[in-house]
Each structure stands twice: as C-alpha cells, then as structure tokens.
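Q: Okay, here's the structure, questions in a sec.
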Amino acid sequence: MSKEFLEQRLHITRRHFLGKLGLGLGSVALGSLLIPDLFTAPESLQQPIGLPHFAPKAKRIIYLFQNGAPSQLESFDYKPLLNKMAGEELPASVRMGQRLTGMTSGQAKFPLVGSYFKFNQYGKSGAWVSELFPNIAKIADDICFVKSMHTEAINHDPALTFMQTGAQQGNRPSMGAWMSYGLGSENKNLPAFCVLLSRGRGNGQGVYSKLWTNGFLDSVHQGVQFSSSEERVLYLKDPEGRDRADRRRMLDQLTALNELNYQEFGDPEIQTRIQQYEMAYRMQTTVPDLTDLSKESDSIIKMYGADCLVPGTYAANCLLARKLSEAGVRFVQLYHQGWDQHGNMVGEMPLQAQDVDRATAALVMDLKQRGLLDETLVIWGGEFGRTNYCQGDLSKENYGRDHHPRSYTIWMAGGGVKPGITYGETDEFGYNIVRDPVHVNDFHATILHLMGLHHEQLTYKHLGRRYRLTDVAGKVVDGIIA
Amino acid sequence: MKRTTSVLVNGIFFLHVLLLFLVVFEDRVQLPIGLHVVGRMHVLLLHLPIGFICFAVLALFIQHQFKSKPFQRLFHFTLLLASLSAMVTAMAGFFLAHSGDYDAEQIQLHQRSGLAVSLLAYGLLLINTYQVQQNLIRLGSGVTFILLLVAGHSGATLTHGENFIWEPVRKQEPLTAATVYQAAIEPVLEKKCFSCHNESKAKGKLVMTSPERFRQGGEQGKAWIAGNPDSSRMIQYIHLPTDHDHHMPPEGKPQLTEAEVLLLEAWIRSGANFQLRWTELPETDSLRRLAEATFTIKKTTTYSFDEVPAEVIAKLNTPYCSVFPLYQGSPALQADFFLPESFDRNSLAALRPIREQLVVMNLNKMPLSGEDVTLLSQFENLESLNLNMTGITDVALPSLAALSKLKSLALSGNPVSHDAVVQLLASLNLTKIYLWNTAVTQSEATTLCQQFPDTEIVHVLFTDQTTQVLSKPILVNEGVLKPGEEIQLKHPMPGAVIRYSLDGSEPDSIQGYEYQAPIPVQESVVLKSRACREGWYCSPVLETTIFVAGIKPTQATLLTAPDKKYRGEGASSLIDGRKGFTDILNEPSWLGYRENPFEAMLEFKPAAEIKKVVLSYANNHGSYLMPPATVEVWAGSGPEKLKLITTKKVDQPSGYEMQRLKFVSLDLQPGTYGYIKVVARPVARLPEWHSGKGQKGWLFIDELFFY
C-alpha cells in the first residue's frame with residue numbers, strides 16, 4: 001500500500017513542480033521580508049563608536065588647508081630640468097593625454113617653465129624647500145613630505161569636495177565629521193570639529209560650508225566655523241543683567257520642552273539641538289579663555305609673528321588652532337585662500353608664502369615644545385598641484401600655472417608620521433609620479449589609521465548601503481607611518 | 001527498500017558529480033552563509049564514514065561466520081551507508097574548506113584523500129551491487145581503508161597540529177616568544193623544513209628542530225657559518241637551481257618565499273643567535289625590519305592589570321574630566337582635565353579607583369598643589385604625563401621619581417630648574433622630557449642632552465632673535481562716521497603706540513601725532529597710521545579714507561543709467577551712508593559707469609546751506625577703475641534753474657596704486673540750494689602706462705557727501 005502511495009507521490013508533473021517551487025521561493029522571500037537580516041552576513045563590521053579600534057598614534061589633527069592649490073613646483077618639489085628646458089614645449093610622452101582645463105585648452109603652446117625662486121636643501125634629511133618658505137625649511141627634519149599625491153578632479157569645487165569628504169559629489173560627511181562621529185571630542189566643553197578661515201592676498205577661490213558639513217551623519221558632527229572678527233564665537237556672552245544661573249534655568253526649561261516635542265515626533269534633530277545648546281553653555285566658559293590673545297607671552301607672539309594677534313589672519317588662526325588642540329578639540333581645520341596662481345606667480349606666490357610660512361613653522365614648534373606634537377597630526381596642503389607649463393604669457397618677469405591633478409605635494413608632521421623623510425617621487429618634469437603614488441583615498445585611509453581607526457570599519461548605513469570616508473577604495477600607506 | 005536504495009545510489013552519483021564540479025571550479029564558488037553552517041558539520045559527520053568503512057572492512061574478516069545472503073545484504077547496506085555518509089562528509093568538508101581560513105596547501109592532501117575516500121566508497125558500492133569478484137571487493141575495501149587513514153590523519157593534523165599525540169611526552173621548552181628565533185625564524189623553518197629535518201626524519205642527518213643539533217649540522221657539515229650567510233651551506237642550498245639535487249626545499253615541496261630567504265640570511269648575518277631578544281635589536285636593524293614585514297610582531301603592549309568595568313569609568317567622567325580607554329578593549333586608561341577653575345582637591349583623588357589602570361594623564365594648566373603631586377606619584381602605571389603650566393616646583397618634582405614606568409614627561413611652563421630635573425632624569429628612564437619655558441637655561445639643556453643621551457630633551461626650539469615688523473593698527477569704526485563721531489584706532493599688541501596723520505604725510509616713530517584718544521573729525525580725511533613698539537619695527541602704514549556724514553539730501557535721482565551689471569541699489573546707493581569695498585564690486589553700494597557719464601540730481605527740502613560736495617569713488621587700477629576725468633556741480637533752487645557752480649579736473653594717477661577708496665572734494669560758493677546736480681565723467685582713454693591703454697576706464701561711485 002505504501003508503495004502505491006510512494007509511487008503516486010513520485011509522479012510529479014511539471015505543473016506541480018513549478019507550483020510548489022513558487023510557493024517555496026515565495027515563503028523564503030517572505031522570511032527575508034519579515035526578518036531583514038535573514039540572509040545577511042553577521043555584523044562583524046560594526047564596531048562600537050567612540051573609541052579608536054586599536055592603539056592610536058595621533059589623538060588630534062590640525063589640518064592647514066591651502067585653498068586654491070599652492071604650486072608644488074615653487075614650494076617643495078624641486079625640478080631643475082624645468083629651468084633648463086624653460087620655453088620648450090611639454091613633450092607629449094610626458095603629458096600622455098592628460099585633460100586640460102577650459103582655461104588652457106585654448107592655448108596653442110605649453111611652454112615649460114621652472115621656478116623663478118631658488119631651492120635649497122635643509123636639515124639632516126636634505127629636504128628641498130624653496131626660498132619662499134624659510135621657516136618651514138628650518139623644521140624640515142620634523143616633516144614628512146608626500147610628493148606623490150594624486151587626484152582625479154581638475155577643478156576646485158570637485159577637488160576640494162574630494163579632499164574633504166572623500167568623493168567628488170557633495171553631501172557626504174567631511175573628514176572632521178567622520179572623526180567626530182568615530183571618536184568624539186576629548187573635551188566635552190568644546191566641539192569636536194572647528195573650522196577657521198583666512199583670506200590671502202593672491203587670487204582666491206571660495207570655500208563652501210559643504211566642506212565641513214556633517215553630510216548624512218548627525219548634525220552634531222558638523223564643523224563649527226569660528227568668525228574672523230574679534231568676537232570669534234558670536235553671542236557667547238550672556239546679555240547685560242543675566243547671569244549663568246539664569247541661563248542654566250532657562251536651558252533646563254528649554255530642554256524639558258524639547259524633550260516633550262521629541263517624545264511626540266521622535267525627530268533626531270531635536271536631540272541634536274538639545275546637545276548643541278548644552279555645548280554652547282559649556283563653551284561660554286571655555287571659549288573666552290581660548291580666544292583671549294592678550295595674555296600671550298612675547299616669545300609666542302614673536303614666534304608666530306605680530307599678525308597672530310589680529311583676528312582673521314592665518315597666523316591668528318594658527319595660534320588659535322594650537323590652543324584649541326591643546327584644549328582637546330579633535331579636528332581643527334584652517335582654510336587659507338588665495339593660492340590659485342593662474343597668472344602673476346612672481347607677484348602673488350611670495351605674498352601667499354609670507355602669510356603662512358612663519359605661522360605654520362611656529363605651530364609645529366609650539367606643539368613640539370609643549371610635548372603635544374607626538375599626538376597631534378599636522379597636515380599642510382591643497383587640493384591639487386599646478387602644471388609644469390605656463391598658463392598665459394611666459395615672460396622673463398612673470399608666469400602662471402594651471403591646475404594639475406596628476407601629482408602634488410602635501411606634508412605632514414607629528415602624530416605618528418615618520419619625520420624627516422620624503423615619500424613618493426615625481427619625474428624630472430614634475431608631471432607624472434614615478435614612485436609610491438598616494439591617492440586621496442589612500443591619504444584618508446592613512447590618516448584614519450594614524451588615529452587608530454580601521455578605515456573600512458568606520459561606516460554609516462545610509463540609503464541602503466554603508467558609507468565610509470574612503471568609500472570603496474583606499475589603502476593605508478605604511479611607508480610614512482613611524 | 002529497493003526503490004529507496006536505487007534512489008539513494010542515484011542520489012549519491014548525482015551529488016558526486018556536483019562535488020567534482022565544485023572542486024574543479026573551486027575558485028569561482030561563492031558560498032552562501034547557510035552552507036557555512038553545513039560546512040561546520042563536517043567535523044561531526046566525518047565520524048560516520050569512518051565507522052561504517054571500518055565496520056565494512058572488519059566485517060570482511062568475519063564473513064565466513066555468517067550465511068551468505070544475509071551477510072551480503074547487511075554488507076551492502078553498510079557500504080551504502082558508508083558511501084552516503086562519506087559523500088555528505090566530503091560535501092560538508094568542501095564547504096568548510098571554502099569558508100574557513102584554511103591554508104590551501106595544507107589542506108590539499110586532506111581534501112584529495114577525502115574526496116578519494118568518498119569516490120572509492122561509491123565505487124565499492126557499485127561493485128558490490130553488481131556482484132563482482134570477492135577479491136576485488138576486498139582489495140577495494142583495503143584501499144579505501146588506507147585512504148581513510150590518510151585522510152583522517154591529515155585532517156587531524158589540520159585541526160590539532162603535528163605531533164598532537166606525542167606532545168605530552170615531548171620536551172617542553174619555556175615559551176618565550178621574545179626571542180627573535182622563536183618569533184620569526186622558527187615559524188619559517190617549521191613550515192618549510194621541519195617536516196624532513198626533525199628528530200624522527202632527518203634528511204641528510206640534519207636535525208633542525210633542536211637548536212643544539214641544528215648547530216651541529218648534518219652529514220655534509222654545518223648548516224651555517226655565523227655572520228656569513230653567503231658561505232653558509234643552508235643558504236647556498238636555498239639559492240641552488242630548483243632542479244638541483246641539493247636545492248632546498250626540494251622541488252615539489254613548498255618553496256621558501258623571497259622574504260623568508262632574506263629573513264634567514266639576516267638572522268645568520270646577525271650571528272645565528274638562538275637567544276637573541278627583540279629588545280636587543282635596534283629599530284633600524286635589517287633583521288628586525290624584515291621580520292616585521294613578514295610577521296606581525298604584536299607591538300601592542302600587554303598590561304598586567306585588569307580591566308575596569310565600564311560603569312566605573314562612566315561615573316568618573318565629568319564635563320571637566322574625561323576618562324576613557326586608550327582604545328577599544330584596552331584595559332589601559334587615559335584621564336584628561338579641563339577648565340582650571342573647576343580643578344580642586346578632590347579631582348585627582350576621585351581617580352583613585354582606577355589608580356592601577358591609568359597609563360596617560362593630561363593635567364595641562366591645572367593648578368597642582370604639593371599634595372596633588374604626592375597623590376600623582378601613586379599612579380604607578382603612568383607612562384605619559386603632561387604637567388605643562390601646572391605650577392609644579394623643584395620641591396614637588398622628586399615625588400615623580402616613584403613613577404617607574406614613566407616614559408614621557410612634559411614640564412613646560414613650570415618654574416623647575418636644572419638640579420631638580422637632573423635628579424629626576426637620573427632616577428627615571430624617560431624617553432622624552434619637555435622643558436620649554438622652564439628655569440632650565442639653553443646651555444644647561446645642552447649639558448643635559450649630553451648627560452642623558454637616551455632621553456630626548458626638548459627645550460626652546462624658536463631661537464630667532466631678529467627684530468620683526470608689527471601688524472598694522474586696526475580701525476574700529478569702519479563705516480561712515482556720524483557727525484561728532486570720532487575716529488577710533490587700536491592695536492592688539494599691549495604696549496604698542498599708534499602714530500597717525502590726517503594731512504597725507506607719512507607718520508613714523510617721530511613724525512605725526514601719537515594716538516591717545518579718539519580723533520575728532522569734521523570732514524572726510526585720509527588717515528594714515530602705523531604702530532610702533534620698542535624692540536619691533538614699525539608696522540606698515542594703514543591708509544584709510546574716513547568719511548563723515550554730512551547733510552543728507554531728501555531725495556536722489558539718477559539722470560543717467562549705470563552699467564547693467566553694476567546698478568547697485570540705484571540712486572539710494574549714493575546716500576545710504578554705506579561704504580563700499582574696493583575688491584567686491586558687485587555689491588549694492590556701488591554704481592558703475594563706463595559708457596555714460598554719471599549724472600545725479602539731489603533734492604534738499606528745505607533748501608540747505610552747502611559749502612562742499614564730496615564724491616567718493618573706488619581706485620582699483622587692476623580692474624580698470626580710475627578716478628573720474630572731470631566732476632561738475634550744478635546747483636539751483638529748482639531742477640530747471642540749475643547753474644554750473646564749479647568744475648574740477650581730477651588728477652590722474654601716473655602708475656599702478658594700491659586699491660583704495662578715494663574722494664574728490666569740491667568747494668562751492670556759500671549759498672542755499674534746493675537742488676544740486678553732480679556730473680562725473682569716467683576716463684575716456686586709459687593712460688599709456690596701463691595695460692589696457694586706450695580703452696575706456698570705469699568710474700565706480702558709492703557715496704556723495706554734502707557739507
């Protein structure tokens with residue numbers, strides 16, 4: 001009898017088979033709808049937020065961003081061949097089809113031009129520095145030059161966005177926001193991410209607040225932009241006749257109201273707002289002390305230069321950066337505009353260099369003197385480099401350079417970076433990279449690594465996929481890590 | 001039963017085909033997570049084929065004890081089970097191999113023999129089904145059994161390692177992976193050499209597993225000459241061509257990688273020392289570098305103290321004191337203090353519960369008392385301490401000598417002097433000490449560097465004594481001054497003196513007036529000022545045009561239209577009292593003229609007594625902005641009754657000048673006027689020295705003043 005049943009059951013028609021198959025697959029799909037994680041990998045990629053993943057070398061970063069793209073050929077990348085071949089056409093074998101910007105695509109000739117400023121070697125490491133940066137030259141043994149940076153973006157907006165947020169398209173969190181998200185602020189009375197702007201005297205390009213945005217992360221991680229006026233954080237003082245106790249009572253009531261609202265609507269921005277009010281309250285006590293420059297000693301003022309007392313200058317921003325970093329701010333970013341020397345290199349580059357040279361060297365020395373350089377990573381650089389051929393008229397008096405994404409130079413000091421070395425090399429034309437290229441993603445991966453974070457594991461799920469600062473690329477550059 | 005059997009046999013055949021297919025395309029297979037679980041069952045399932053195959057083999061020995069037919073059926077059944085379980089085991093084994101971190105080389109023997117067992121079991125099953133000769137069955141069973149042993153042993157080696165069975169009786173060497181040999185060299189030899197050069201199997205009579213016998217060498221002689229890798233037999237054999245008889249490791253066995261060869265050479269070059277420790281090698285040593293590249297020598301220091309529970313840490317965190325682990329999972333903690341005003345007696349004492357775990361402390365700018373420092377000396381595991389600007393004195397410094405593990409100490413900004421520092425350096429083994437802005441002088445610091453060569457002593461780094469230039473004074477009230485308002489200047493540097501002039505002369509440390517109080521002005525002036533201070537060069541001159549508000553017209557109208565792009569806010573731009581910026585021209589304050597002359601009608605109701613008209617314009621030669629060529633003022637009591645009162649031909653510049661606001665001032669004969677018309681013509685041709693010579697110039701006007 002059972003045999004018959006067995007026989008009967010084994011006689012399945014195609015119709016039955018397909019029907020049953022559909023039902024089976026459908027139930028599997030239902031399962032995945034009800035339990036979204038049914039078929040996903042275990043969450044081994046999620047690490048708890050707030051602490052480094054492994055022992056960090058750097059605890060804080062000061063990023064001296066030179067906006068407009070400072071010319072590497074006039075600052076740190078010495079190419080005497082360009083002086084020898086000045087006026088000659090850029091060989092096609094060197095250019096290898098690199099795209100031109102709209103500004104030079106109309107040019108018939110691309111005459112090579114070498115630096116009109118002299119270069120010399122400094123320090124035990126023998127680093128080449130131009131005569132425009134005498135003070136940075138003096139600290140060459142503390143610096144790691146990376147001469148093989150490269151990027152795909154050829155114009156300022158996408159390149160800036162790429163350098164700060166890890167992608168040429170905007171609306172992604174910036175580096176500082178990722179640091180704030182991953183590590184928070186050491187000092188709860190100050191924001192984790194501060195931004196200071198200064199204008200140069202050369203041809204300037206704009207900076208946009210999307211460069212320090214929080215993107216899709218919580219708006220608590222947004223960069224706090226300090227003003228360039230004397231009152232560096234506006235409206236921090238209590239009004240006449242009110243004292244701190246009043247302020248505290250007011251904030252408590254406000255928080256209670258906001259909490260009620262949060263319970264009703266669940267909008268996470270409400271929590272962010274509550275936190276920001278609390279942060280502002282705490283900043284009332286910490287910030288005035290930090291921004292009060294009148295108590296600085298003469299030796300400090302001499303080291304940074306007299307400009308450091310004038311709010312809104314690069315030197316003042318460097319001094320404030322040191323004070324913020326000393327007080328535990330995780331990521332301080334400076335933007336100095338004016339480096340876009342398409343023309344008038346001879347006139348503008350020395351002015352720009354003058355703005356930054358003394359104060360930058362002073363910042364590194366100041367950190368070192370206080371024993372903070374080992375745990376503070378200082379980065380100096382722009383968003384791309386400049387071409388080795390002249391843009392516009394090449395004369396004995398003046399010349400200009402266009403944008404060049406294929407190779408540029410940045411330098412880093414402190415924070416676990418090997419001091420006194422040069423990493424990477426460009427060819428003798430200063431056009432292509434011949435050794436150890438470092439892409440922007442690699443740069444980000446390395447910085448995260450120095451801060452003790454696995455760049456592949458600091459992620460945030462947004463719109464269905466996990467995002468990270470290095471997106472889908474980036475390799476840690478071991479060669480510059482001490 | 002027969003039906004089931006045939007189904008199973010066919011099923012096994014089908015699954016074998018599938019398995020072989022998977023094995024062949026191993027590299028392209030991507031396993032879903034669910035099958036990883038099945039893979040892990042391999043360890044469970046493998047016992048079944050072992051049992052069944054062993055039973056089948058044993059049964060053959062006692063075959064004659066039983067009646068033929070029942071035995072045959074049972075034997076067949078056993079073979080069926082053996083084949084089925086072997087099949088499933090092999091499949092699960094494949095999944096496991098694919099999901100785990102198994103070394104592809106190590107696993108090969110086990111994988112192949114396991115697969116062979118499964119196939120042979122199936123083959124045996126088929127043979128048995130078709131009743132072929134007994135001898136063949138016996139032979140088949142024997143081979144399967146042997147292969148089973150091979151697969152089993154290699155599998156066990158994978159899981160438990162070599163010599164698992166004999167390990168308890170082997171000589172136990174104390175595990176100190178702190179020697180270079182044990183950490184870096186032995187693993188290489190173990191992988192590639194020990195299998196043939198050990199105590200039980202010593203090819204060429206060379207035993208590498210024990211250091212003494214390794215040193216003795218083999219039948220050809222010693223394996224190495226200390227310090228000379230090129231003449232060492234071991235290295236020479238490695239470098240021989242692969243097909244040479246003596247090439248090591250032999251052809252067909254896993255070969256040494258280039259990094260491993262370099263590592264062995266470096267070890268021999270450094271003396272082939274079995275006891276050498278990592279700490280004895282300098283960081284730049286090539287052996288160390290090579291080893292670090294090949295092996296990740298765990299640089300994370302291990303701490304001997306326990307972890308503190310997270311709740312305890314959370315309670316210790318206040319807005320003024322942050323306590324946190326150095327990194328996730330680390331028992332070591334760091335404590336940072338902020339806000340000197342909130343630091344009191346209890347702040348440090350509160351950290352007593354985590355006394356053992358604190359490794360880094362930051363007390364920058366906290367006012368430390370003597371008792372605080374004594375308390376600090378009880379934090380025995382501190383490795384990095386920041387005491388900048390805490391006011392610590394020579395008296396308190398010796399207490400820090402108790403911190404035996406301290407490596408980095410920052411004392412900048414404290415009144416500590418040479419003798420106390422020397423004592424401290426002598427009792428501690430610091431790698432870094434920071435003494436900027438202390439009572440230690442430059443020469444004392446130099447002698448300290450010589451005295452303590454292993455410590456990095458950071459003193460004053462900025463020694464440039466050249467005189468510098470001051471920054472320019474800052475104009476406080478930047479806009480248009482109201483009548484009676486005074487000019488306010490200031491300078492951020494304490495002690496700076498501001499000198500100024502209102503007549504266009506250059507002020508310096510002796511010329512011009514000294515700024516003591518805000519400067520009263522009646523009319524628009526050019527202010528030049530600079531700051532001076534003892535020990536500094538005077539600042540560059542700050543040149544600004546100060547405008548004072550005058551009589552405000554009741555209405556203003558533009559009689560000619562400005563350029564389309566620079567329309568400002570129309571006529572109201574002229575009397576809004578807002579100064580424009582010379583570098584931002586697209587701003588509402590500016591009216592730009594190029595093709596037409598500028599003509600504006602101003603109405604005064606009631607008619608006012610006007611003595612002076614001031615026209616403010618922008619000078620920006622780089623952008624082709626020039627002074628007006630001529631300015632005319634017409635006045636009268638009505639718009640039709642205007643008479644030309646005065647004309648002025650404005651001086652044109654002779655070269656490029658700094659961009660600046662300038663003004664033209666015209667004096668009128670005193671009178672009461674109800675209507676005034678101002679006409680200004682832009683420069684028709686730019687001068688010879690200008691790069692745009694011959695072209696039309698621009699005239700940018702932001703304001704008109706009447707006094």
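Letters for chains follow the order of the structure tokens (A, B, ...), residue numbers begin at 1 for each chain, and ligand numbers begin at 1 in the order shown.
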Skipping near chain neighbours, those fewer than 2 positions away, what residues fall within 6 Å of Phe193 in chain A using only C-alpha atoms, listed as JSON, numbers by chain?

A: {"A": [176, 191, 223, 331, 332]}

Q: Restrict the calculation to only C-alpha atoms, then for each residue of range 337-405 of chain A with any atom at most 12 Å from an atom of range 300-311 of chain A give the closest atom pair and their distance in Å to one decimal, rows by chain and rising residue number, as a tab-separated table.

A:
residue	atom	partner	partner_atom	distance
A:Gln354	CA	A:Gly305	CA	10.5
A:Asp355	CA	A:Asp307	CA	9.0
A:Val356	CA	A:Tyr304	CA	9.7
A:Asp357	CA	A:Tyr304	CA	9.4
A:Arg358	CA	A:Tyr304	CA	6.0
A:Ala359	CA	A:Tyr304	CA	4.6
A:Thr360	CA	A:Tyr304	CA	7.9
A:Ala361	CA	A:Tyr304	CA	8.1
A:Ala362	CA	A:Tyr304	CA	5.3
A:Leu363	CA	A:Tyr304	CA	7.5
A:Val364	CA	A:Tyr304	CA	10.5
A:Met365	CA	A:Met303	CA	8.8
A:Asp366	CA	A:Ile300	CA	8.1
A:Leu367	CA	A:Ile300	CA	11.6
A:Gln369	CA	A:Ile300	CA	11.2

Q: Please check the contacts: residues of chain B at most 9 Å away from chain A, using only C-alpha atoms, listed as a VMD selection string.

A: chain B and resid 32 to 34 300 318 to 322 324 to 330 336 to 339 364 386 388 408 to 413 432 to 437 458 to 465 467 to 472 474 491 to 494

Q: DSSP on the backbone: what in range 38-274 of chain A comes out alpha helix (DSSP H), as number ranges by chain?

A: A: 80-84, 92-95, 134-138, 156-165, 175-183, 244-265, 268-274

Q: Can those selected residues be exported to a file as an mmCIF file, in the first residue's frame so that it contains C-alpha atoms?

A:
data_model
loop_
_atom_site.group_PDB
_atom_site.id
_atom_site.type_symbol
_atom_site.label_atom_id
_atom_site.label_comp_id
_atom_site.auth_asym_id
_atom_site.auth_seq_id
_atom_site.Cartn_x
_atom_site.Cartn_y
_atom_site.Cartn_z
ATOM 1 C CA PRO A 80 65.780 71.967 -12.150
ATOM 2 C CA LEU A 81 65.090 70.371 -15.528
ATOM 3 C CA LEU A 82 62.188 72.762 -15.959
ATOM 4 C CA ASN A 83 64.537 75.711 -15.563
ATOM 5 C CA LYS A 84 66.897 74.208 -18.128
ATOM 6 C CA ALA A 92 53.518 64.509 -25.471
ATOM 7 C CA SER A 93 55.246 61.462 -23.994
ATOM 8 C CA VAL A 94 55.192 63.175 -20.636
ATOM 9 C CA ARG A 95 51.706 64.601 -20.908
ATOM 10 C CA PRO A 134 62.488 79.847 5.093
ATOM 11 C CA ASN A 135 60.799 78.992 8.367
ATOM 12 C CA ILE A 136 59.260 75.742 7.180
ATOM 13 C CA ALA A 137 62.710 74.895 5.853
ATOM 14 C CA LYS A 138 64.052 75.182 9.384
ATOM 15 C CA HIS A 156 38.449 73.474 -7.355
ATOM 16 C CA ASP A 157 34.941 72.566 -6.323
ATOM 17 C CA PRO A 158 35.125 68.816 -7.039
ATOM 18 C CA ALA A 159 38.717 68.613 -5.874
ATOM 19 C CA LEU A 160 38.007 70.370 -2.595
ATOM 20 C CA THR A 161 34.971 68.197 -2.051
ATOM 21 C CA PHE A 162 37.035 65.108 -2.816
ATOM 22 C CA MET A 163 39.809 66.108 -0.463
ATOM 23 C CA GLN A 164 37.462 66.918 2.389
ATOM 24 C CA THR A 165 34.665 64.392 2.007
ATOM 25 C CA MET A 175 36.843 64.322 7.448
ATOM 26 C CA GLY A 176 36.258 66.190 10.659
ATOM 27 C CA ALA A 177 32.689 64.955 10.841
ATOM 28 C CA TRP A 178 33.873 61.356 10.489
ATOM 29 C CA MET A 179 36.422 61.950 13.249
ATOM 30 C CA SER A 180 33.766 63.471 15.439
ATOM 31 C CA TYR A 181 31.490 60.524 14.705
ATOM 32 C CA GLY A 182 34.146 57.936 15.302
ATOM 33 C CA LEU A 183 35.994 59.438 18.232
ATOM 34 C CA ARG A 244 24.914 81.944 34.434
ATOM 35 C CA ALA A 245 22.379 80.604 36.882
ATOM 36 C CA ASP A 246 19.618 82.298 34.910
ATOM 37 C CA ARG A 247 21.000 80.798 31.744
ATOM 38 C CA ARG A 248 21.070 77.361 33.344
ATOM 39 C CA ARG A 249 17.434 77.606 34.443
ATOM 40 C CA MET A 250 16.403 78.790 31.033
ATOM 41 C CA LEU A 251 18.218 75.910 29.357
ATOM 42 C CA ASP A 252 16.695 73.364 31.691
ATOM 43 C CA GLN A 253 13.195 74.578 30.837
ATOM 44 C CA LEU A 254 14.041 74.627 27.158
ATOM 45 C CA THR A 255 15.366 71.097 27.330
ATOM 46 C CA ALA A 256 12.181 69.941 29.028
ATOM 47 C CA LEU A 257 10.076 71.462 26.253
ATOM 48 C CA ASN A 258 12.283 69.981 23.574
ATOM 49 C CA GLU A 259 12.091 66.577 25.202
ATOM 50 C CA LEU A 260 8.306 66.733 25.140
ATOM 51 C CA ASN A 261 8.499 67.513 21.460
ATOM 52 C CA TYR A 262 10.932 64.693 20.891
ATOM 53 C CA GLN A 263 8.671 62.217 22.574
ATOM 54 C CA GLU A 264 5.882 63.238 20.270
ATOM 55 C CA PHE A 265 7.765 63.420 16.984
ATOM 56 C CA PRO A 268 16.613 63.115 15.995
ATOM 57 C CA GLU A 269 17.381 66.737 15.140
ATOM 58 C CA ILE A 270 15.664 67.713 18.386
ATOM 59 C CA GLN A 271 18.198 65.741 20.351
ATOM 60 C CA THR A 272 20.973 67.328 18.347
ATOM 61 C CA ARG A 273 19.554 70.750 19.154
ATOM 62 C CA ILE A 274 19.455 69.944 22.864
#

Q: Using only C-alpha atoms, which residue out of A:Phe145, A:Tyr116, A:Phe76, A:Trp128 lies closest to Pro419 in chain A?

A: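 Distance minimum relative to Pro419 in chain A lands on A:Phe145.
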
Q: Taking into account only C-alpha atoms, which residue in the set B:Tyr675, B:Phe663, B:Asp344, B:Lys696 is nearest to Trp634 in chain B?

A: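 Going through B:Tyr675, B:Phe663, B:Asp344, B:Lys696 one by one, the smallest distance to Trp634 in chain B is for B:Tyr675.
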
Q: From range 24-157 of chain A, collect each residue whose DSSP state is strand (DSSP E or B) and return the set as a ChimeraX atom specification.

A: /A:60-66,89,111-112,119-122,127-130,143-150

Q: Within 8 Å of Gln66 in chain A, counting only C-alpha atoms, which residues qualify if same-chain residues fewer than 6 places away don't, as a PyMOL selection string?

A: chain A and resi 335-337+339+380-383
